[in-house]
file coords20.pdb (PDB, C-alpha atoms, pLDDT in the B column)
ATOM      1  CA  ASP A  66      48.729   3.401 -25.357  1.00 66.00           C
ATOM      2  CA  THR A  67      49.800   5.717 -22.574  1.00 70.00           C
ATOM      3  CA  ALA A  68      52.181   3.916 -20.227  1.00 92.00           C
ATOM      4  CA  VAL A  69      52.175   6.389 -17.321  1.00 96.00           C
ATOM      5  CA  SER A  70      49.413   8.977 -17.244  1.00 96.00           C
ATOM      6  CA  GLN A  71      48.768  11.901 -14.921  1.00 97.00           C
ATOM      7  CA  THR A  72      45.830  14.216 -14.406  1.00 96.00           C
ATOM      8  CA  PRO A  73      45.508  17.104 -14.524  1.00 97.00           C
ATOM      9  CA  LYS A  74      48.232  18.361 -16.858  1.00 96.00           C
ATOM     10  CA  TYR A  75      47.927  21.915 -15.520  1.00 97.00           C
ATOM     11  CA  LEU A  76      46.723  23.038 -12.129  1.00 97.00           C
ATOM     12  CA  VAL A  77      46.396  26.702 -11.154  1.00 97.00           C
ATOM     13  CA  THR A  78      45.155  27.421  -7.659  1.00 97.00           C
ATOM     14  CA  GLN A  79      45.245  29.876  -4.804  1.00 97.00           C
ATOM     15  CA  MET A  80      47.461  29.674  -1.757  1.00 97.00           C
ATOM     16  CA  GLY A  81      45.878  27.730   1.068  1.00 97.00           C
ATOM     17  CA  ASN A  82      43.813  25.444  -1.155  1.00 97.00           C
ATOM     18  CA  ASP A  83      43.969  21.640  -1.157  1.00 97.00           C
ATOM     19  CA  LYS A  84      44.526  19.806  -4.431  1.00 97.00           C
ATOM     20  CA  SER A  85      45.176  16.290  -5.747  1.00 97.00           C
ATOM     21  CA  ILE A  86      47.116  14.890  -8.676  1.00 98.00           C
ATOM     22  CA  LYS A  87      46.369  11.413  -9.986  1.00 97.00           C
ATOM     23  CA  CYS A  88      48.729   8.928 -11.614  1.00 97.00           C
ATOM     24  CA  GLU A  89      48.121   5.600 -13.298  1.00 97.00           C
ATOM     25  CA  GLN A  90      50.484   3.163 -15.010  1.00 96.00           C
ATOM     26  CA  ASN A  91      49.541   0.274 -17.286  1.00 95.00           C
ATOM     27  CA  LEU A  92      53.025  -1.234 -17.497  1.00 92.00           C
ATOM     28  CA  GLY A  93      52.430  -3.810 -14.790  1.00 91.00           C
ATOM     29  CA  HIS A  94      55.199  -2.272 -12.699  1.00 91.00           C
ATOM     30  CA  ASP A  95      55.447  -2.827  -8.968  1.00 89.00           C
ATOM     31  CA  THR A  96      56.907   0.520  -7.972  1.00 90.00           C
ATOM     32  CA  MET A  97      55.691   4.075  -8.463  1.00 92.00           C
ATOM     33  CA  TYR A  98      57.252   7.425  -7.610  1.00 93.00           C
ATOM     34  CA  TRP A  99      56.500  11.105  -7.252  1.00 95.00           C
ATOM     35  CA  TYR A 100      59.147  13.630  -8.262  1.00 95.00           C
ATOM     36  CA  LYS A 101      59.181  17.402  -8.031  1.00 95.00           C
ATOM     37  CA  GLN A 102      61.025  19.418 -10.682  1.00 95.00           C
ATOM     38  CA  ASP A 103      61.640  23.022  -9.758  1.00 90.00           C
ATOM     39  CA  SER A 104      62.250  26.013 -11.986  1.00 83.00           C
ATOM     40  CA  LYS A 105      65.944  25.129 -12.254  1.00 79.00           C
ATOM     41  CA  LYS A 106      64.979  21.728 -13.665  1.00 80.00           C
ATOM     42  CA  PHE A 107      66.307  19.852 -10.637  1.00 86.00           C
ATOM     43  CA  LEU A 108      64.376  16.582 -10.351  1.00 91.00           C
ATOM     44  CA  LYS A 109      63.977  15.448  -6.766  1.00 91.00           C
ATOM     45  CA  ILE A 110      62.261  12.337  -5.492  1.00 91.00           C
ATOM     46  CA  MET A 111      59.466  12.809  -2.990  1.00 93.00           C
ATOM     47  CA  PHE A 112      57.878   9.396  -2.468  1.00 91.00           C
ATOM     48  CA  SER A 113      58.035   5.843  -3.688  1.00 89.00           C
ATOM     49  CA  TYR A 114      55.533   3.008  -3.268  1.00 89.00           C
ATOM     50  CA  ASN A 115      56.098  -0.663  -3.930  1.00 86.00           C
ATOM     51  CA  ASN A 116      52.942  -2.755  -4.199  1.00 85.00           C
ATOM     52  CA  LYS A 117      50.977  -0.127  -2.272  1.00 83.00           C
ATOM     53  CA  GLU A 118      53.599   0.061   0.462  1.00 85.00           C
ATOM     54  CA  LEU A 119      55.515   3.288   1.126  1.00 86.00           C
ATOM     55  CA  ILE A 120      59.248   2.624   0.725  1.00 83.00           C
ATOM     56  CA  ILE A 121      60.725   6.079   0.191  1.00 81.00           C
ATOM     57  CA  ASN A 122      59.596   9.186   2.009  1.00 81.00           C
ATOM     58  CA  GLU A 123      62.038  12.013   1.492  1.00 83.00           C
ATOM     59  CA  THR A 124      62.094  15.155   3.561  1.00 78.00           C
ATOM     60  CA  VAL A 125      58.810  16.502   2.310  1.00 85.00           C
ATOM     61  CA  PRO A 126      56.384  18.693   4.305  1.00 89.00           C
ATOM     62  CA  ASN A 127      53.576  16.611   5.756  1.00 90.00           C
ATOM     63  CA  ARG A 128      51.155  18.747   3.751  1.00 95.00           C
ATOM     64  CA  PHE A 129      52.006  16.273   0.983  1.00 95.00           C
ATOM     65  CA  SER A 130      50.313  12.911   1.342  1.00 94.00           C
ATOM     66  CA  PRO A 131      50.613  10.124  -1.213  1.00 93.00           C
ATOM     67  CA  LYS A 132      48.014   7.377  -1.529  1.00 93.00           C
ATOM     68  CA  SER A 133      48.276   4.144  -3.446  1.00 92.00           C
ATOM     69  CA  PRO A 134      44.910   2.352  -3.748  1.00 92.00           C
ATOM     70  CA  ASP A 135      46.556  -0.381  -5.852  1.00 91.00           C
ATOM     71  CA  LYS A 136      49.915  -0.917  -7.485  1.00 90.00           C
ATOM     72  CA  ALA A 137      48.797   0.731 -10.730  1.00 94.00           C
ATOM     73  CA  HIS A 138      47.791   4.007  -9.080  1.00 95.00           C
ATOM     74  CA  LEU A 139      49.616   6.555  -6.966  1.00 95.00           C
ATOM     75  CA  ASN A 140      47.907   9.829  -6.115  1.00 96.00           C
ATOM     76  CA  LEU A 141      49.354  12.901  -4.457  1.00 96.00           C
ATOM     77  CA  HIS A 142      47.285  15.129  -2.223  1.00 97.00           C
ATOM     78  CA  ILE A 143      48.611  18.521  -1.171  1.00 96.00           C
ATOM     79  CA  ASN A 144      47.056  20.495   1.686  1.00 96.00           C
ATOM     80  CA  SER A 145      47.351  24.209   2.349  1.00 97.00           C
ATOM     81  CA  LEU A 146      49.220  24.970  -0.837  1.00 96.00           C
ATOM     82  CA  GLU A 147      52.089  27.471  -0.656  1.00 96.00           C
ATOM     83  CA  LEU A 148      53.808  29.567  -3.302  1.00 95.00           C
ATOM     84  CA  GLY A 149      56.905  27.368  -3.066  1.00 93.00           C
ATOM     85  CA  ASP A 150      54.892  24.329  -4.122  1.00 95.00           C
ATOM     86  CA  SER A 151      54.763  25.703  -7.660  1.00 96.00           C
ATOM     87  CA  ALA A 152      56.672  23.218  -9.801  1.00 96.00           C
ATOM     88  CA  VAL A 153      56.169  20.374 -12.236  1.00 97.00           C
ATOM     89  CA  TYR A 154      55.282  17.109 -10.526  1.00 97.00           C
ATOM     90  CA  PHE A 155      56.180  13.892 -12.315  1.00 97.00           C
ATOM     91  CA  CYS A 156      54.903  10.452 -11.595  1.00 96.00           C
ATOM     92  CA  ALA A 157      57.109   7.514 -12.618  1.00 94.00           C
ATOM     93  CA  SER A 158      57.073   3.739 -12.402  1.00 93.00           C
ATOM     94  CA  SER A 159      59.599   0.921 -12.532  1.00 90.00           C
ATOM     95  CA  GLN A 160      59.730  -2.830 -12.296  1.00 85.00           C
ATOM     96  CA  ARG A 161      60.933  -3.100  -8.723  1.00 68.00           C
ATOM     97  CA  LEU A 162      62.095  -6.633  -8.891  1.00 50.00           C
ATOM     98  CA  ALA A 163      64.162  -5.934 -11.973  1.00 53.00           C
ATOM     99  CA  GLU A 164      67.742  -5.412 -10.932  1.00 56.00           C
ATOM    100  CA  TYR A 165      68.203  -2.251 -12.839  1.00 66.00           C
ATOM    101  CA  ASN A 166      65.261  -0.075 -11.818  1.00 71.00           C
ATOM    102  CA  GLU A 167      64.745   1.821 -15.074  1.00 83.00           C
ATOM    103  CA  GLN A 168      62.008   4.380 -14.584  1.00 89.00           C
ATOM    104  CA  PHE A 169      59.307   5.547 -16.957  1.00 92.00           C
ATOM    105  CA  PHE A 170      57.843   9.004 -16.448  1.00 95.00           C
ATOM    106  CA  GLY A 171      54.395  10.427 -16.882  1.00 96.00           C
ATOM    107  CA  PRO A 172      53.826  13.694 -18.785  1.00 96.00           C
ATOM    108  CA  GLY A 173      53.951  15.835 -15.657  1.00 96.00           C
ATOM    109  CA  THR A 174      51.533  18.157 -13.873  1.00 97.00           C
ATOM    110  CA  ARG A 175      52.461  21.833 -13.851  1.00 97.00           C
ATOM    111  CA  LEU A 176      51.216  23.264 -10.559  1.00 97.00           C
ATOM    112  CA  THR A 177      51.027  27.041 -10.184  1.00 97.00           C
ATOM    113  CA  VAL A 178      50.124  28.475  -6.800  1.00 97.00           C
ATOM    114  CA  LEU A 179      49.026  32.111  -6.853  1.00 96.00           C
TER     115      LEU A 179
ATOM    116  CA  GLN B 194      79.375  17.823  -2.505  1.00 65.00           C
ATOM    117  CA  LYS B 195      76.321  17.019  -4.576  1.00 75.00           C
ATOM    118  CA  GLU B 196      75.525  13.338  -4.974  1.00 89.00           C
ATOM    119  CA  VAL B 197      75.360  13.573  -8.774  1.00 93.00           C
ATOM    120  CA  GLU B 198      77.049  16.465 -10.542  1.00 94.00           C
ATOM    121  CA  GLN B 199      76.723  17.701 -14.076  1.00 94.00           C
ATOM    122  CA  ASN B 200      77.818  20.846 -15.839  1.00 89.00           C
ATOM    123  CA  SER B 201      74.625  22.808 -16.448  1.00 86.00           C
ATOM    124  CA  GLY B 202      75.758  24.127 -19.824  1.00 85.00           C
ATOM    125  CA  PRO B 203      74.572  25.185 -22.244  1.00 92.00           C
ATOM    126  CA  LEU B 204      76.828  23.008 -24.336  1.00 95.00           C
ATOM    127  CA  SER B 205      76.764  24.144 -27.950  1.00 96.00           C
ATOM    128  CA  VAL B 206      77.859  21.643 -30.601  1.00 96.00           C
ATOM    129  CA  PRO B 207      77.729  21.988 -34.401  1.00 97.00           C
ATOM    130  CA  GLU B 208      75.473  19.628 -36.299  1.00 97.00           C
ATOM    131  CA  GLY B 209      77.264  16.426 -37.263  1.00 97.00           C
ATOM    132  CA  ALA B 210      79.854  16.686 -34.486  1.00 97.00           C
ATOM    133  CA  ILE B 211      80.180  14.558 -31.354  1.00 97.00           C
ATOM    134  CA  ALA B 212      78.523  15.871 -28.204  1.00 97.00           C
ATOM    135  CA  SER B 213      80.133  14.759 -24.957  1.00 97.00           C
ATOM    136  CA  LEU B 214      78.190  14.976 -21.699  1.00 97.00           C
ATOM    137  CA  ASN B 215      79.783  14.219 -18.356  1.00 96.00           C
ATOM    138  CA  CYS B 216      78.602  13.256 -14.910  1.00 96.00           C
ATOM    139  CA  THR B 217      80.324  12.449 -11.608  1.00 96.00           C
ATOM    140  CA  TYR B 218      78.802  10.808  -8.569  1.00 95.00           C
ATOM    141  CA  SER B 219      79.761  10.552  -4.920  1.00 93.00           C
ATOM    142  CA  ASP B 220      78.492   7.113  -3.813  1.00 89.00           C
ATOM    143  CA  ARG B 221      81.313   4.708  -4.612  1.00 90.00           C
ATOM    144  CA  GLY B 222      78.996   1.717  -4.220  1.00 87.00           C
ATOM    145  CA  SER B 223      76.573   2.871  -6.934  1.00 89.00           C
ATOM    146  CA  GLN B 224      75.577   0.116  -9.317  1.00 87.00           C
ATOM    147  CA  SER B 225      73.244   1.489 -11.962  1.00 90.00           C
ATOM    148  CA  PHE B 226      73.611   4.549 -14.139  1.00 94.00           C
ATOM    149  CA  PHE B 227      71.147   6.151 -16.501  1.00 94.00           C
ATOM    150  CA  TRP B 228      70.934   8.947 -19.019  1.00 96.00           C
ATOM    151  CA  TYR B 229      67.586  10.616 -19.536  1.00 96.00           C
ATOM    152  CA  ARG B 230      66.747  13.178 -22.202  1.00 97.00           C
ATOM    153  CA  GLN B 231      64.221  15.899 -21.427  1.00 96.00           C
ATOM    154  CA  TYR B 232      62.856  18.218 -24.076  1.00 96.00           C
ATOM    155  CA  SER B 233      61.538  21.562 -22.885  1.00 93.00           C
ATOM    156  CA  GLY B 234      58.097  21.144 -21.360  1.00 91.00           C
ATOM    157  CA  LYS B 235      58.219  17.349 -21.609  1.00 94.00           C
ATOM    158  CA  SER B 236      58.956  14.491 -19.264  1.00 95.00           C
ATOM    159  CA  PRO B 237      62.333  12.748 -18.912  1.00 95.00           C
ATOM    160  CA  GLU B 238      62.815   9.865 -21.318  1.00 94.00           C
ATOM    161  CA  LEU B 239      65.333   7.071 -20.703  1.00 93.00           C
ATOM    162  CA  ILE B 240      67.877   6.823 -23.520  1.00 94.00           C
ATOM    163  CA  MET B 241      70.726   4.774 -22.062  1.00 93.00           C
ATOM    164  CA  SER B 242      71.518   2.647 -19.049  1.00 93.00           C
ATOM    165  CA  ILE B 243      74.886   1.183 -18.074  1.00 94.00           C
ATOM    166  CA  TYR B 244      75.847  -1.084 -15.216  1.00 92.00           C
ATOM    167  CA  SER B 245      79.434  -2.219 -15.744  1.00 93.00           C
ATOM    168  CA  ASN B 246      82.687  -0.479 -16.517  1.00 95.00           C
ATOM    169  CA  GLY B 247      83.409   0.300 -20.132  1.00 96.00           C
ATOM    170  CA  ASP B 248      81.372   1.447 -23.096  1.00 96.00           C
ATOM    171  CA  LYS B 249      77.847   0.626 -24.155  1.00 96.00           C
ATOM    172  CA  GLU B 250      76.687   1.644 -27.602  1.00 97.00           C
ATOM    173  CA  ASP B 251      73.145   2.073 -28.903  1.00 95.00           C
ATOM    174  CA  GLY B 252      72.859   3.684 -32.302  1.00 96.00           C
ATOM    175  CA  ARG B 253      74.385   7.159 -32.171  1.00 97.00           C
ATOM    176  CA  PHE B 254      74.644   7.030 -28.372  1.00 97.00           C
ATOM    177  CA  THR B 255      77.528   5.625 -26.337  1.00 98.00           C
ATOM    178  CA  ALA B 256      77.535   5.549 -22.548  1.00 97.00           C
ATOM    179  CA  GLN B 257      80.867   5.213 -20.782  1.00 97.00           C
ATOM    180  CA  LEU B 258      81.317   4.192 -17.167  1.00 97.00           C
ATOM    181  CA  ASN B 259      84.421   4.358 -15.001  1.00 96.00           C
ATOM    182  CA  LYS B 260      83.569   3.268 -11.460  1.00 94.00           C
ATOM    183  CA  ALA B 261      87.100   3.833 -10.163  1.00 95.00           C
ATOM    184  CA  SER B 262      86.862   7.499 -11.154  1.00 95.00           C
ATOM    185  CA  GLN B 263      83.135   7.675 -10.299  1.00 95.00           C
ATOM    186  CA  TYR B 264      82.479   9.071 -13.721  1.00 96.00           C
ATOM    187  CA  VAL B 265      79.865   8.373 -16.370  1.00 97.00           C
ATOM    188  CA  SER B 266      79.551  10.044 -19.740  1.00 97.00           C
ATOM    189  CA  LEU B 267      77.308  10.091 -22.774  1.00 98.00           C
ATOM    190  CA  LEU B 268      78.583  10.592 -26.301  1.00 98.00           C
ATOM    191  CA  ILE B 269      76.226  11.512 -29.106  1.00 97.00           C
ATOM    192  CA  ARG B 270      77.692  10.966 -32.555  1.00 98.00           C
ATOM    193  CA  ASP B 271      76.522  12.811 -35.675  1.00 97.00           C
ATOM    194  CA  SER B 272      74.602  15.299 -33.533  1.00 97.00           C
ATOM    195  CA  GLN B 273      71.277  16.441 -34.936  1.00 96.00           C
ATOM    196  CA  PRO B 274      69.214  19.530 -34.079  1.00 95.00           C
ATOM    197  CA  SER B 275      66.629  17.114 -32.627  1.00 96.00           C
ATOM    198  CA  ASP B 276      69.224  16.157 -29.990  1.00 97.00           C
ATOM    199  CA  SER B 277      68.900  19.637 -28.485  1.00 97.00           C
ATOM    200  CA  ALA B 278      67.507  18.979 -25.004  1.00 97.00           C
ATOM    201  CA  THR B 279      68.522  18.726 -21.370  1.00 96.00           C
ATOM    202  CA  TYR B 280      70.326  15.496 -20.515  1.00 97.00           C
ATOM    203  CA  LEU B 281      69.901  14.181 -16.985  1.00 96.00           C
ATOM    204  CA  CYS B 282      72.386  11.798 -15.432  1.00 96.00           C
ATOM    205  CA  ALA B 283      70.822   9.488 -12.843  1.00 94.00           C
ATOM    206  CA  VAL B 284      72.508   7.127 -10.411  1.00 92.00           C
ATOM    207  CA  LYS B 285      71.101   4.339  -8.270  1.00 88.00           C
ATOM    208  CA  GLY B 286      73.067   4.302  -5.052  1.00 79.00           C
ATOM    209  CA  SER B 287      74.225   1.315  -3.089  1.00 73.00           C
ATOM    210  CA  SER B 288      71.995   1.645  -0.075  1.00 65.00           C
ATOM    211  CA  ALA B 289      68.706   2.930  -1.351  1.00 63.00           C
ATOM    212  CA  SER B 290      66.141   1.984  -3.898  1.00 68.00           C
ATOM    213  CA  LYS B 291      65.913   5.545  -5.138  1.00 77.00           C
ATOM    214  CA  ILE B 292      67.630   7.107  -8.098  1.00 85.00           C
ATOM    215  CA  ILE B 293      69.426  10.419  -7.658  1.00 89.00           C
ATOM    216  CA  PHE B 294      69.306  12.800 -10.583  1.00 92.00           C
ATOM    217  CA  GLY B 295      71.853  15.394 -11.546  1.00 93.00           C
ATOM    218  CA  SER B 296      70.643  18.872 -12.385  1.00 92.00           C
ATOM    219  CA  GLY B 297      71.097  18.229 -16.109  1.00 94.00           C
ATOM    220  CA  THR B 298      73.207  19.582 -18.965  1.00 95.00           C
ATOM    221  CA  ARG B 299      71.483  21.660 -21.586  1.00 96.00           C
ATOM    222  CA  LEU B 300      72.701  20.652 -25.052  1.00 96.00           C
ATOM    223  CA  SER B 301      72.183  22.824 -28.101  1.00 96.00           C
ATOM    224  CA  ILE B 302      73.007  21.547 -31.586  1.00 96.00           C
ATOM    225  CA  ARG B 303      73.560  24.414 -33.981  1.00 93.00           C
ATOM    226  CA  PRO B 304      72.846  23.824 -37.687  1.00 90.00           C
TER     227      PRO B 304
END
call {"tool": "encode", "arguments": {"input": "coords20.pdb", "output": "structure tokens"}}
result
Amino acid sequence: DTAVSQTPKYLVTQMGNDKSIKCEQNLGHDTMYWYKQDSKKFLKIMFSYNNKELIINETVPNRFSPKSPDKAHLNLHINSLELGDSAVYFCASSQRLAEYNEQFFGPGTRLTVL
Amino acid sequence: QKEVEQNSGPLSVPEGAIASLNCTYSDRGSQSFFWYRQYSGKSPELIMSIYSNGDKEDGRFTAQLNKASQYVSLLIRDSQPSDSATYLCAVKGSSASKIIFGSGTRLSIRP
């Protein structure tokens, strides 16, 4: 059973296009996250939702828009893609009400913007 | 100063030896500390968490936390080639619900 799943696994697209990445978790967790990992492997949080409510919104261009239709899903839509958006995007989830906030990651989506 | 700092490596350790990975953090009020392992092309995987000062052991892994020195480490005993990966230190700060990751230490176990 896949705990945190993402689609697609690979995404190759042209500059200026709009694309979406989907994430689903079946762990019953309350909180979901989007991270960006650049070519130097630095993992940086972008957004976090708790029970469909946005709780973390880091300094991310407003071309990036997360959407949480329910607490098991968190999608990421990116408008007007730029070369610098090329990275691996990870979705993660955690049990928010648990004191210790351990996170479980999806397999990642490798986005390449040409 | 970065919020969570790690030596990027690579750290090369012979098989069977102890690998020692270190991490320092800047937020003195941080409460929760995690070590994630990431194989090349894969997602981070939680291997240890520690919340109070001292040592926490789980199999071949021992996490050590010293809040006064703002220092957390991971020891891997009897290192195996399968331990070769990037190890990410992650810290949950005092004022936010987010976890800050270090840039990772690349560990290589040589046979």
call {"tool": "interface_residues", "arguments": {"input": "coords20.pdb", "of": "chain B", "to": "chain A", "cutoff": "8 Å", "atoms": "only C-alpha atoms", "output": "list in words"}}
result
Ser225, Phe227, Lys235, Ser236, Pro237, Glu238, Leu239, Ser242, Ser290, Lys291, Ile292, Ile293, Phe294, Gly295, Ser296 and Gly297 of chain B
call {"tool": "residues_around", "arguments": {"input": "coords20.pdb", "residues": "segment 243-250 of chain B", "least_positions_apart": "2", "cutoff": "6 Å", "atoms": "only C-alpha atoms", "output": "ChimeraX atom specification"}}
result
/B:225-226,254-259
call {"tool": "closest_residue", "arguments": {"input": "coords20.pdb", "among": "B:Ser287, B:Ser301, B:Cys282, B:Gly222", "to": "Gln199 of chain B", "atoms": "only C-alpha atoms"}}
result
B:Cys282
call {"tool": "residues_around", "arguments": {"input": "coords20.pdb", "residues": "Lys195 of chain B", "least_positions_apart": "3", "cutoff": "9 Å", "atoms": "all atoms listed in the file", "output": "count of residues only"}}
result
4
call {"tool": "closest_residue", "arguments": {"input": "coords20.pdb", "among": "B:Thr298, B:Asn200, B:Asn215, B:Arg230", "to": "Asp276 of chain B", "atoms": "all atoms listed in the file"}}
result
B:Arg230
call {"tool": "closest_residue", "arguments": {"input": "coords20.pdb", "among": "A:Tyr114, A:Asp83, A:Ser70, A:Ala152", "to": "Arg128 of chain A", "atoms": "only C-alpha atoms"}}
result
A:Asp83
call {"tool": "atom_distance", "arguments": {"input": "coords20.pdb", "atom1": "atom CA of Gly149 of chain A", "atom2": "atom CA of Tyr232 of chain B"}}
result
23.7 Å
call {"tool": "residues_around", "arguments": {"input": "coords20.pdb", "residues": "Asp220 of chain B", "least_positions_apart": "2", "cutoff": "10 Å", "atoms": "all atoms listed in the file", "output": "CSV table (one decimal) with C-alpha atoms, in the coordinates of the input"}}
result
chain,number,residue,atom,x,y,z
B,196,GLU,CA,75.5,13.3,-5.0
B,197,VAL,CA,75.4,13.6,-8.8
B,217,THR,CA,80.3,12.4,-11.6
B,218,TYR,CA,78.8,10.8,-8.6
B,222,GLY,CA,79.0,1.7,-4.2
B,223,SER,CA,76.6,2.9,-6.9
B,224,GLN,CA,75.6,0.1,-9.3
B,260,LYS,CA,83.6,3.3,-11.5
B,263,GLN,CA,83.1,7.7,-10.3
B,284,VAL,CA,72.5,7.1,-10.4
B,285,LYS,CA,71.1,4.3,-8.3
B,286,GLY,CA,73.1,4.3,-5.1
B,287,SER,CA,74.2,1.3,-3.1
B,288,SER,CA,72.0,1.6,-0.1
call {"tool": "closest_residue", "arguments": {"input": "coords20.pdb", "among": "A:Asn144, A:Thr124, A:Asp135, A:Thr177", "to": "Gly93 of chain A", "atoms": "only C-alpha atoms"}}
result
A:Asp135
call {"tool": "atom_distance", "arguments": {"input": "coords20.pdb", "atom1": "atom CA of Ile269 of chain B", "atom2": "atom CA of Asp103 of chain A"}}
result
26.8 Å
call {"tool": "atom_distance", "arguments": {"input": "coords20.pdb", "atom1": "atom CA of Ser213 of chain B", "atom2": "atom CA of Leu300 of chain B"}}
result
9.5 Å
call {"tool": "residues_near_point", "arguments": {"input": "coords20.pdb", "point": "(76.5, 14.9, -30.1)", "cutoff": "7 Å", "atoms": "all atoms listed in the file", "output": "PDB file with C-alpha atoms, in the coordinates of the input"}}
result
ATOM      1  CA  VAL B 206      77.859  21.643 -30.601  1.00 96.00           C
ATOM      2  CA  ALA B 210      79.854  16.686 -34.486  1.00 97.00           C
ATOM      3  CA  ILE B 211      80.180  14.558 -31.354  1.00 97.00           C
ATOM      4  CA  ALA B 212      78.523  15.871 -28.204  1.00 97.00           C
ATOM      5  CA  SER B 213      80.133  14.759 -24.957  1.00 97.00           C
ATOM      6  CA  LEU B 268      78.583  10.592 -26.301  1.00 98.00           C
ATOM      7  CA  ILE B 269      76.226  11.512 -29.106  1.00 97.00           C
ATOM      8  CA  ARG B 270      77.692  10.966 -32.555  1.00 98.00           C
ATOM      9  CA  ASP B 271      76.522  12.811 -35.675  1.00 97.00           C
ATOM     10  CA  SER B 272      74.602  15.299 -33.533  1.00 97.00           C
TER      11      SER B 272
END
call {"tool": "resolve_selection", "arguments": {"input": "coords20.pdb", "expression": "the PyMOL selection byres ((chain A and resi 179) around 8)", "output": "list in words"}}
result
Val77, Thr78, Gln79, Met80, Leu148, Thr177 and Val178 of chain A
call {"tool": "write_last_selection", "arguments": {"input": "coords20.pdb", "atoms": "C-alpha atoms", "output": "short mmCIF file (atom, residue, chain, number, x, y, z; two decimals), in the frame of the given file"}}
result
data_model
loop_
_atom_site.label_atom_id
_atom_site.label_comp_id
_atom_site.auth_asym_id
_atom_site.auth_seq_id
_atom_site.Cartn_x
_atom_site.Cartn_y
_atom_site.Cartn_z
CA VAL A 77 46.40 26.70 -11.15
CA THR A 78 45.16 27.42 -7.66
CA GLN A 79 45.24 29.88 -4.80
CA MET A 80 47.46 29.67 -1.76
CA LEU A 148 53.81 29.57 -3.30
CA THR A 177 51.03 27.04 -10.18
CA VAL A 178 50.12 28.48 -6.80
#
call {"tool": "axis_aligned_box", "arguments": {"input": "coords20.pdb", "around": "segment 78-83 of chain A", "padding_each_side": "5 Å", "output": "AutoDock Vina command-line options"}}
result
--center_x 45.6 --center_y 25.8 --center_z -3.3 --size_x 13.6 --size_y 18.2 --size_z 18.7
